[in-house]
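K.L.:
My structure file target38.txt, compact mmCIF, C-alpha atoms, is below:
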```txt
# COMPACT_ATOMS: atom_id res chain seq x y z
CA MET E 25 -15.16 25.55 32.59
CA GLN E 26 -11.71 25.27 31.05
CA ARG E 27 -11.27 25.53 27.28
CA GLU E 28 -10.61 22.12 25.76
CA LEU E 29 -7.16 21.21 24.47
CA ALA E 30 -6.87 21.42 20.67
CA TRP E 31 -5.42 18.07 19.62
CA ARG E 32 -2.93 17.70 16.80
CA ILE E 33 -3.90 14.46 15.15
CA PHE E 34 -3.44 12.84 11.74
CA ALA E 35 -6.43 12.16 9.50
CA GLY E 36 -5.58 8.45 9.37
CA GLU E 37 -6.15 8.10 13.11
CA TYR E 38 -9.09 10.49 13.39
CA THR E 39 -11.11 8.90 10.58
CA ASP E 40 -10.66 5.47 12.19
CA ALA E 41 -12.56 6.67 15.28
CA THR E 42 -15.99 5.12 15.92
CA LEU E 43 -16.58 6.13 19.55
CA GLU E 44 -18.28 9.29 20.80
CA HIS E 45 -18.21 9.86 24.57
CA SER E 46 -19.81 12.23 27.05
CA SER E 47 -20.03 12.18 30.84
CA GLY E 48 -23.78 12.73 30.60
CA GLU E 49 -23.71 15.78 32.84
CA GLU E 50 -25.54 18.95 31.81
CA ARG E 51 -23.56 20.93 29.19
CA ALA E 52 -20.79 18.35 29.32
CA PRO E 53 -18.61 18.35 26.20
CA ASN E 54 -18.75 15.52 23.68
CA TYR E 55 -15.54 13.73 22.74
CA VAL E 56 -14.43 11.58 19.83
CA ILE E 57 -12.20 8.78 21.15
CA THR E 58 -9.64 7.53 18.62
CA PRO E 59 -8.15 4.00 18.59
CA LEU E 60 -4.94 5.40 20.15
CA GLY E 61 -6.83 7.06 22.99
CA ALA E 62 -6.96 10.69 21.90
CA LYS E 63 -9.98 12.20 23.70
CA VAL E 64 -10.82 14.85 21.14
CA ASN E 65 -13.22 17.74 21.56
CA ARG E 66 -11.25 20.33 19.56
CA LEU E 67 -8.57 19.91 16.88
CA PHE E 68 -5.83 22.00 15.30
CA LEU E 69 -5.12 20.81 11.75
CA VAL E 70 -2.83 21.94 8.96
CA GLY E 71 -3.00 20.45 5.49
CA VAL E 72 -3.93 21.02 1.88
CA ILE E 73 -7.46 21.98 0.91
CA THR E 74 -8.05 19.87 -2.19
CA ASP E 75 -11.78 20.37 -2.71
CA VAL E 76 -14.46 22.91 -1.71
CA GLU E 77 -18.16 22.33 -2.40
CA ASP E 78 -21.39 24.03 -1.33
CA VAL E 79 -23.69 21.20 -0.21
CA GLY E 80 -26.20 23.50 1.48
CA GLY E 81 -28.98 22.65 -0.94
CA ASN E 82 -29.14 19.20 0.61
CA GLY E 83 -30.55 20.75 3.79
CA GLY E 84 -33.50 22.41 2.07
CA ASP E 85 -33.14 25.76 3.87
CA GLY E 86 -31.21 27.53 1.11
CA GLN E 87 -28.30 28.31 3.43
CA PRO E 88 -24.79 27.53 2.13
CA MET E 89 -22.95 24.67 3.80
CA TRP E 90 -19.35 24.32 2.70
CA ARG E 91 -17.80 20.87 2.63
CA VAL E 92 -14.02 20.92 2.44
CA ARG E 93 -11.50 18.12 2.09
CA LEU E 94 -8.29 18.83 4.01
CA THR E 95 -5.52 16.31 3.38
CA ASP E 96 -2.41 15.39 5.32
CA PRO E 97 0.16 12.63 4.58
CA THR E 98 -2.13 9.96 6.11
CA GLY E 99 -5.59 10.78 4.75
CA THR E 100 -8.38 13.35 4.51
CA PHE E 101 -10.43 15.33 7.03
CA GLN E 102 -14.01 16.28 6.17
CA VAL E 103 -14.62 19.89 7.26
CA TYR E 104 -18.13 21.42 7.25
CA ALA E 105 -18.95 25.11 7.81
CA GLY E 106 -22.36 26.78 7.56
CA GLN E 107 -24.42 29.62 9.03
CA TYR E 108 -23.29 28.86 12.59
CA GLN E 109 -19.63 29.21 11.59
CA PRO E 110 -19.97 32.45 9.56
CA GLU E 111 -16.31 33.52 9.58
CA ALA E 112 -14.99 30.09 8.67
CA ALA E 113 -17.68 29.63 6.01
CA ALA E 114 -16.91 33.01 4.45
CA MET E 115 -13.21 32.13 4.34
CA LEU E 116 -13.76 28.68 2.84
CA SER E 117 -16.13 30.03 0.19
CA GLN E 118 -13.24 32.03 -1.26
CA VAL E 119 -10.53 29.35 -1.18
CA LYS E 120 -9.24 28.15 -4.56
CA PRO E 121 -7.82 24.60 -4.19
CA PRO E 122 -5.19 23.47 -3.76
CA ALA E 123 -4.21 25.67 -0.82
CA PHE E 124 -2.37 25.17 2.47
CA ALA E 125 -4.66 25.95 5.41
CA ALA E 126 -4.75 25.79 9.20
CA VAL E 127 -8.08 24.84 10.79
CA MET E 128 -9.13 25.05 14.43
CA GLY E 129 -12.40 23.28 15.04
CA LYS E 130 -14.71 20.96 16.96
CA ALA E 131 -14.75 17.19 16.54
CA ARG E 132 -18.02 15.79 15.24
CA THR E 133 -19.43 12.40 14.29
CA TYR E 134 -22.43 11.45 12.20
CA SER E 135 -24.09 8.11 11.62
CA PRO E 136 -26.03 7.66 8.35
CA GLU E 137 -27.13 4.18 9.47
CA ASP E 138 -26.83 1.89 12.47
CA GLY E 139 -23.30 0.67 13.01
CA VAL E 140 -21.70 3.22 10.65
CA ILE E 141 -19.94 6.28 12.10
CA TYR E 142 -18.02 8.98 10.25
CA THR E 143 -15.96 11.80 11.73
CA SER E 144 -15.92 15.41 10.63
CA VAL E 145 -14.73 18.82 11.82
CA ARG E 146 -16.74 22.02 12.42
CA PRO E 147 -14.23 24.88 12.01
CA GLU E 148 -13.96 27.77 14.45
CA MET E 149 -11.06 29.34 12.54
CA VAL E 150 -9.58 28.90 9.06
CA LYS E 151 -6.39 30.59 7.90
CA LEU E 152 -4.34 30.16 4.74
CA VAL E 153 -0.73 29.27 5.55
CA ASP E 154 2.41 28.06 3.77
CA ALA E 155 4.21 24.75 3.36
CA SER E 156 6.65 25.44 6.21
CA LEU E 157 3.83 25.63 8.78
CA ARG E 158 2.30 22.46 7.35
CA ASP E 159 5.65 20.68 7.76
CA TYR E 160 6.04 21.94 11.33
CA TRP E 161 2.52 20.69 12.12
CA ILE E 162 3.41 17.25 10.75
CA LEU E 163 6.44 17.11 13.05
CA GLU E 164 4.47 18.20 16.14
CA THR E 165 1.61 15.83 15.33
CA ALA E 166 4.02 12.92 14.85
CA GLN E 167 5.52 13.60 18.28
CA GLU E 168 2.06 13.57 19.86
CA MET E 169 1.13 10.36 18.05
CA ARG E 170 4.32 8.69 19.28
CA LYS E 171 3.35 9.54 22.88
CA ARG E 172 -0.06 7.93 22.39
CA LEU E 173 1.52 4.81 20.92
CA GLU E 174 3.86 4.55 23.92
CA ALA E 175 1.01 5.13 26.38
CA LEU E 176 -1.18 2.51 24.71
CA LYS E 177 1.65 -0.05 24.87
CA GLU E 178 2.00 0.66 28.59
CA ALA E 179 -1.76 0.30 29.08
CA GLU E 180 -1.90 -3.03 27.23
CA ALA E 181 0.79 -4.35 29.60
CA MET E 182 -1.35 -3.50 32.65
CA ASN E 183 -3.86 -5.95 34.08
CA PRO E 184 -6.19 -4.13 34.04
CA ALA E 185 -5.38 -0.73 32.53
CA THR E 186 -6.50 2.13 34.77
CA VAL E 187 -6.54 5.91 34.49
CA ASP E 188 -4.70 6.29 37.81
CA GLY E 189 -2.06 3.79 36.72
CA LEU E 190 -1.33 5.71 33.51
CA VAL E 191 -1.30 9.06 35.32
CA ALA E 192 1.21 7.59 37.79
CA LEU E 193 3.46 6.81 34.81
CA GLY E 194 3.41 10.48 33.81
CA TYR E 195 0.68 10.58 31.17
CA ARG E 196 -1.88 13.40 31.08
CA GLN E 197 -5.27 12.84 32.69
CA GLY E 198 -7.17 13.36 29.44
CA LEU E 199 -4.98 10.96 27.48
CA SER E 200 -5.15 8.37 30.27
CA GLU E 201 -8.95 8.54 30.28
CA GLY E 202 -9.05 8.28 26.49
CA ILE E 203 -6.79 5.24 26.40
CA VAL E 204 -8.90 3.32 28.91
CA LEU E 205 -12.05 4.15 26.92
CA ALA E 206 -10.31 3.14 23.67
CA LEU E 207 -9.26 -0.23 25.06
CA GLN E 208 -12.83 -0.90 26.23
CA HIS E 209 -14.31 0.02 22.84
CA TYR E 210 -11.73 -1.06 20.23
CA GLY E 211 -10.08 -3.95 22.07
CA LYS E 212 -6.55 -4.77 20.93
CA VAL E 213 -5.39 -2.15 18.42
CA ASP E 214 -3.07 -2.89 15.49
CA LEU E 215 -0.18 -0.79 16.74
CA ASP E 216 2.03 -1.74 13.78
CA ARG E 217 -0.43 -0.07 11.42
CA TYR E 218 -0.26 3.20 13.32
CA GLN E 219 3.51 2.92 13.69
CA SER E 220 3.73 2.63 9.90
CA MET E 221 1.40 5.64 9.57
CA LEU E 222 3.73 7.62 11.82
CA HIS E 223 6.79 6.65 9.79
CA ASP E 224 5.07 7.53 6.51
CA ALA E 225 4.18 10.98 7.83
CA LEU E 226 7.74 11.65 8.93
CA ARG E 227 9.16 10.42 5.62
CA TYR E 228 6.96 13.00 3.95
CA LEU E 229 9.21 15.63 5.52
CA LEU E 230 12.36 13.99 4.19
CA PRO E 231 11.96 13.42 0.45
CA GLU E 232 15.72 13.62 -0.02
CA PHE E 233 16.10 10.26 1.74
CA GLN E 234 13.43 8.40 -0.21
CA ASP E 235 15.82 7.44 -3.00
CA GLY E 236 18.98 7.26 -0.91
CA VAL E 237 20.57 10.51 -2.10
CA SER E 238 21.92 13.26 0.11
CA ALA E 239 20.10 16.53 0.70
CA PRO E 240 22.33 18.61 -1.63
CA ALA E 241 22.00 16.00 -4.37
CA ALA E 242 18.24 15.94 -3.93
CA ALA E 243 18.05 19.71 -4.17
CA GLU E 244 20.10 19.63 -7.36
CA LYS E 245 18.00 16.81 -8.74
CA LYS E 246 14.80 18.77 -8.11
CA LYS E 247 16.08 21.66 -10.23
CA LYS E 248 16.45 19.49 -13.33
CA PRO E 249 13.70 19.56 -15.99
CA ASP E 250 10.91 16.97 -15.83
CA THR E 251 11.56 13.69 -17.60
CA GLU E 252 9.71 12.87 -20.81
CA GLU E 253 7.63 10.29 -18.90
CA GLU E 254 6.60 12.87 -16.28
CA ARG E 255 5.61 15.33 -18.99
CA LEU E 256 3.59 12.59 -20.67
CA VAL E 257 1.68 11.73 -17.46
CA LEU E 258 0.95 15.41 -16.78
CA GLU E 259 -0.38 15.77 -20.32
CA ILE E 260 -2.60 12.68 -19.95
CA VAL E 261 -4.06 13.91 -16.66
CA GLU E 262 -4.75 17.37 -18.08
CA THR E 263 -6.41 15.93 -21.21
CA LEU E 264 -8.67 13.56 -19.27
CA ASP E 265 -9.73 16.16 -16.68
CA ARG E 266 -12.75 17.25 -18.71
CA ASP E 267 -14.87 18.80 -15.94
CA GLY E 268 -12.17 20.29 -13.71
CA LYS E 269 -12.84 17.71 -10.97
CA GLY E 270 -9.97 15.39 -11.85
CA ALA E 271 -9.13 12.59 -14.24
CA SER E 272 -10.26 9.04 -13.46
CA TRP E 273 -7.37 6.78 -12.42
CA ASP E 274 -8.70 3.95 -14.61
CA GLU E 275 -8.74 6.24 -17.65
CA ILE E 276 -5.21 7.43 -16.85
CA VAL E 277 -4.02 3.81 -16.69
CA ASP E 278 -5.63 3.03 -20.07
CA ALA E 279 -4.23 6.15 -21.75
CA ALA E 280 -0.74 5.59 -20.33
CA GLY E 281 -0.78 1.96 -21.51
CA LYS E 282 -1.49 3.10 -25.06
CA LYS E 283 1.56 5.40 -24.78
CA GLY E 284 3.78 2.48 -23.73
CA LEU E 285 3.82 3.01 -19.93
CA SER E 286 3.11 0.00 -17.73
CA LYS E 287 0.86 0.38 -14.68
CA GLU E 288 3.92 -0.04 -12.41
CA GLN E 289 5.79 2.75 -14.25
CA LEU E 290 2.70 4.96 -14.13
CA GLU E 291 2.27 4.47 -10.36
CA GLU E 292 5.92 5.33 -9.73
CA ILE E 293 5.77 8.48 -11.87
CA THR E 294 2.41 9.56 -10.43
CA ASN E 295 3.64 9.14 -6.85
CA ARG E 296 6.66 11.27 -7.71
CA LEU E 297 4.45 14.00 -9.17
CA LEU E 298 2.11 13.85 -6.16
CA ASP E 299 5.10 14.20 -3.82
CA ASP E 300 6.54 17.24 -5.59
CA GLY E 301 3.15 18.95 -5.81
CA SER E 302 2.67 18.75 -9.59
CA LEU E 303 -0.45 16.61 -9.09
CA TYR E 304 -2.96 16.20 -6.29
CA GLU E 305 -5.88 13.89 -5.49
CA PRO E 306 -9.09 15.88 -4.80
CA ILE E 307 -11.03 12.69 -4.09
CA LEU E 308 -10.11 9.03 -4.05
CA GLY E 309 -9.63 7.74 -7.61
CA LYS E 310 -9.33 11.19 -9.21
CA ILE E 311 -6.10 12.99 -10.11
CA ARG E 312 -5.75 16.67 -10.99
CA ARG E 313 -2.89 18.78 -12.25
CA ILE E 314 -1.90 21.77 -10.11
```
Let's see the structure in the file written out as structure tokens.

P.N.:
Amino acid sequence: MQRELAWRIFAGEYTDATLEHSSGEERAPNYVITPLGAKVNRLFLVGVITDVEDVGGNGGDGQPMWRVRLTDPTGTFQVYAGQYQPEAAAMLSQVKPPAFAAVMGKARTYSPEDGVIYTSVRPEMVKLVDASLRDYWILETAQEMRKRLEALKEAEAMNPATVDGLVALGYRQGLSEGIVLALQHYGKVDLDRYQSMLHDALRYLLPEFQDGVSAPAAAEKKKKPDTEEERLVLEIVETLDRDGKGASWDEIVDAAGKKGLSKEQLEEITNRLLDDGSLYEPILGKIRRI
């Protein structure tokens, strides 16, 4: 048996997946099929660990089970490591968020009720890395996503789409199989949404172009002290983060309004602080200061 390819895939695409597939043969691998046709058994991810929690008590056996949120520019992966992933679990138990990390792991799904499917990752390897590797991963992952978008467009133009037809066009066997399965399960996919996701990820690598200034000007701009408004928002977030798990966005909005900042101004400043790493979002609706 050949070792499965480790897919580079953005969280926004992976968490949209609702199809698990297996050939049914003995010891056959299980795959998560994404809307763009990635046929995922193993993944290689690089992002920011924003939250680490031991949820092992929920299982009743007393064994630690570490749940980790790993974010990329498009969303958040849920990573779980327990007694059957001892090296990864030991590593994750010592991580102090936020931290850049690379994760190699197996794709998993779970269904808490009929018709509801969530994706997760069981790590085989976890390693702390730096921002440069994270940025390189974003670039590689964007290139792979673009190939899937192109292949899916080709498949939608076929009548019907077939694995052999896609392979004849030069696409890999695994991707061709995944795309045919995706079309059967998801139907017509909103390609514009994933194209926008791709563009957003790439723009994350080029902050100097977000406000129309050149790279040297952006570098110079970044060296200047924070504005009074940015310092005010950082102070509000720090004050409202009473338990170390983040300040509620609604409370931040209320506090900023009392200081004379409109919600639109607050969103602009907060996005700027999230982009430069001064703030991060451990969970949806909560903001923490680095």

K.L.:
Contacts of range 281-292 of chain E at 9 Å or less, counting all atoms listed in the file, minus same-chain residues fewer than 3 places along, as a PDB file with C-alpha atoms, in the coordinates of the input?

P.N.:
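part.pdb written:
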```pdb
ATOM      1  CA  GLU E 253       7.630  10.290 -18.900  1.00  0.00           C
ATOM      2  CA  LEU E 256       3.590  12.590 -20.670  1.00  0.00           C
ATOM      3  CA  VAL E 257       1.680  11.730 -17.460  1.00  0.00           C
ATOM      4  CA  ILE E 276      -5.210   7.430 -16.850  1.00  0.00           C
ATOM      5  CA  VAL E 277      -4.020   3.810 -16.690  1.00  0.00           C
ATOM      6  CA  ASP E 278      -5.630   3.030 -20.070  1.00  0.00           C
ATOM      7  CA  ASN E 295       3.640   9.140  -6.850  1.00  0.00           C
ATOM      8  CA  ARG E 296       6.660  11.270  -7.710  1.00  0.00           C
ATOM      9  CA  LEU E 297       4.450  14.000  -9.170  1.00  0.00           C
TER      10      LEU E 297
END
```

K.L.:
Within 8 Å of Gly129 in chain E, counting only C-alpha atoms, which residues show up once you throw out same-chain ones fewer than 5 positions away? Write them as a PyMOL selection string, please.

P.N.:
chain E and resi 66-68+145-149

K.L.:
Please list as a list in words every residue within 12 Å of Gln167 in chain E, counting all atoms listed in the file and excluding residues in the same chain fewer than 6 positions away.

P.N.:
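My list of contacting residues is Trp31, Arg32, Ile33, Phe34, Tyr160, Trp161, Leu173, Glu174, Gln219, Leu222, His223, Ala225 and Leu226 of chain E.
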
K.L.:
Find, counting all atoms listed in the file, the residue in E:Leu207, E:Val70, E:Met128, E:Ala155 that gets nearest to Glu180 in chain E.

P.N.:
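Distance minimum relative to Glu180 in chain E lands on E:Leu207.
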
K.L.:
Provide the CA of Arg51 in chain E to CA of Pro136 in chain E distance in Å, to one decimal place.

P.N.:
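Calculated distance between CA of Arg51 in chain E and CA of Pro136 in chain E is 24.8 Å.
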
K.L.:
Could you work out how far CA of Asp154 in chain E lies from CA of Leu229 in chain E, giving the answer in Å with one decimal?

P.N.:
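Taking CA of Leu229 in chain E as the start and CA of Asp154 in chain E as the end point, the length is 14.3 Å.
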
K.L.:
Residues within 12 Å of (-19.1, 32.4, 9.4), file coordinates, counting all atoms listed in the file: what are they? Give the list as a VMD selection string.

P.N.:
chain E and resid 87 to 90 104 to 117 146 to 150

K.L.:
Quick check, in Å to one decimal: how far apart do CA of Val119 in chain E and CA of Thr95 in chain E lie?

P.N.:
14.7 Å

K.L.:
Given all atoms listed in the file as the basis, pick out the residue of E:Ala271, E:Val72, E:Val92, E:Val140 nearest to Ala125 in chain E.

P.N.:
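The shortest atom-to-atom distance to Ala125 in chain E comes from E:Val72.
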
K.L.:
Generate N, CA and C atoms for range 170-181 of chain E and emit them as a CSV table (one decimal), keeping the file's coordinate frame.

P.N.:
```csv
chain,number,residue,atom,x,y,z
E,170,ARG,N,3.4,9.6,18.7
E,170,ARG,CA,4.3,8.7,19.3
E,170,ARG,C,4.0,8.5,20.8
E,171,LYS,N,3.7,9.6,21.4
E,171,LYS,CA,3.4,9.5,22.9
E,171,LYS,C,2.1,8.7,23.1
E,172,ARG,N,1.1,8.8,22.2
E,172,ARG,CA,-0.1,7.9,22.4
E,172,ARG,C,0.3,6.5,22.2
E,173,LEU,N,1.1,6.2,21.2
E,173,LEU,CA,1.5,4.8,20.9
E,173,LEU,C,2.2,4.2,22.1
E,174,GLU,N,3.1,5.0,22.7
E,174,GLU,CA,3.9,4.6,23.9
E,174,GLU,C,2.9,4.3,25.1
E,175,ALA,N,2.0,5.3,25.3
E,175,ALA,CA,1.0,5.1,26.4
E,175,ALA,C,0.1,3.9,26.2
E,176,LEU,N,-0.3,3.7,25.0
E,176,LEU,CA,-1.2,2.5,24.7
E,176,LEU,C,-0.4,1.2,24.9
E,177,LYS,N,0.8,1.2,24.6
E,177,LYS,CA,1.6,0.0,24.9
E,177,LYS,C,1.7,-0.3,26.4
E,178,GLU,N,1.9,0.8,27.1
E,178,GLU,CA,2.0,0.7,28.6
E,178,GLU,C,0.7,0.2,29.1
E,179,ALA,N,-0.4,0.7,28.6
E,179,ALA,CA,-1.8,0.3,29.1
E,179,ALA,C,-2.1,-1.2,28.8
E,180,GLU,N,-1.7,-1.6,27.6
E,180,GLU,CA,-1.9,-3.0,27.2
E,180,GLU,C,-1.1,-4.0,28.1
E,181,ALA,N,0.0,-3.5,28.7
E,181,ALA,CA,0.8,-4.4,29.6
E,181,ALA,C,0.2,-4.4,31.0
```
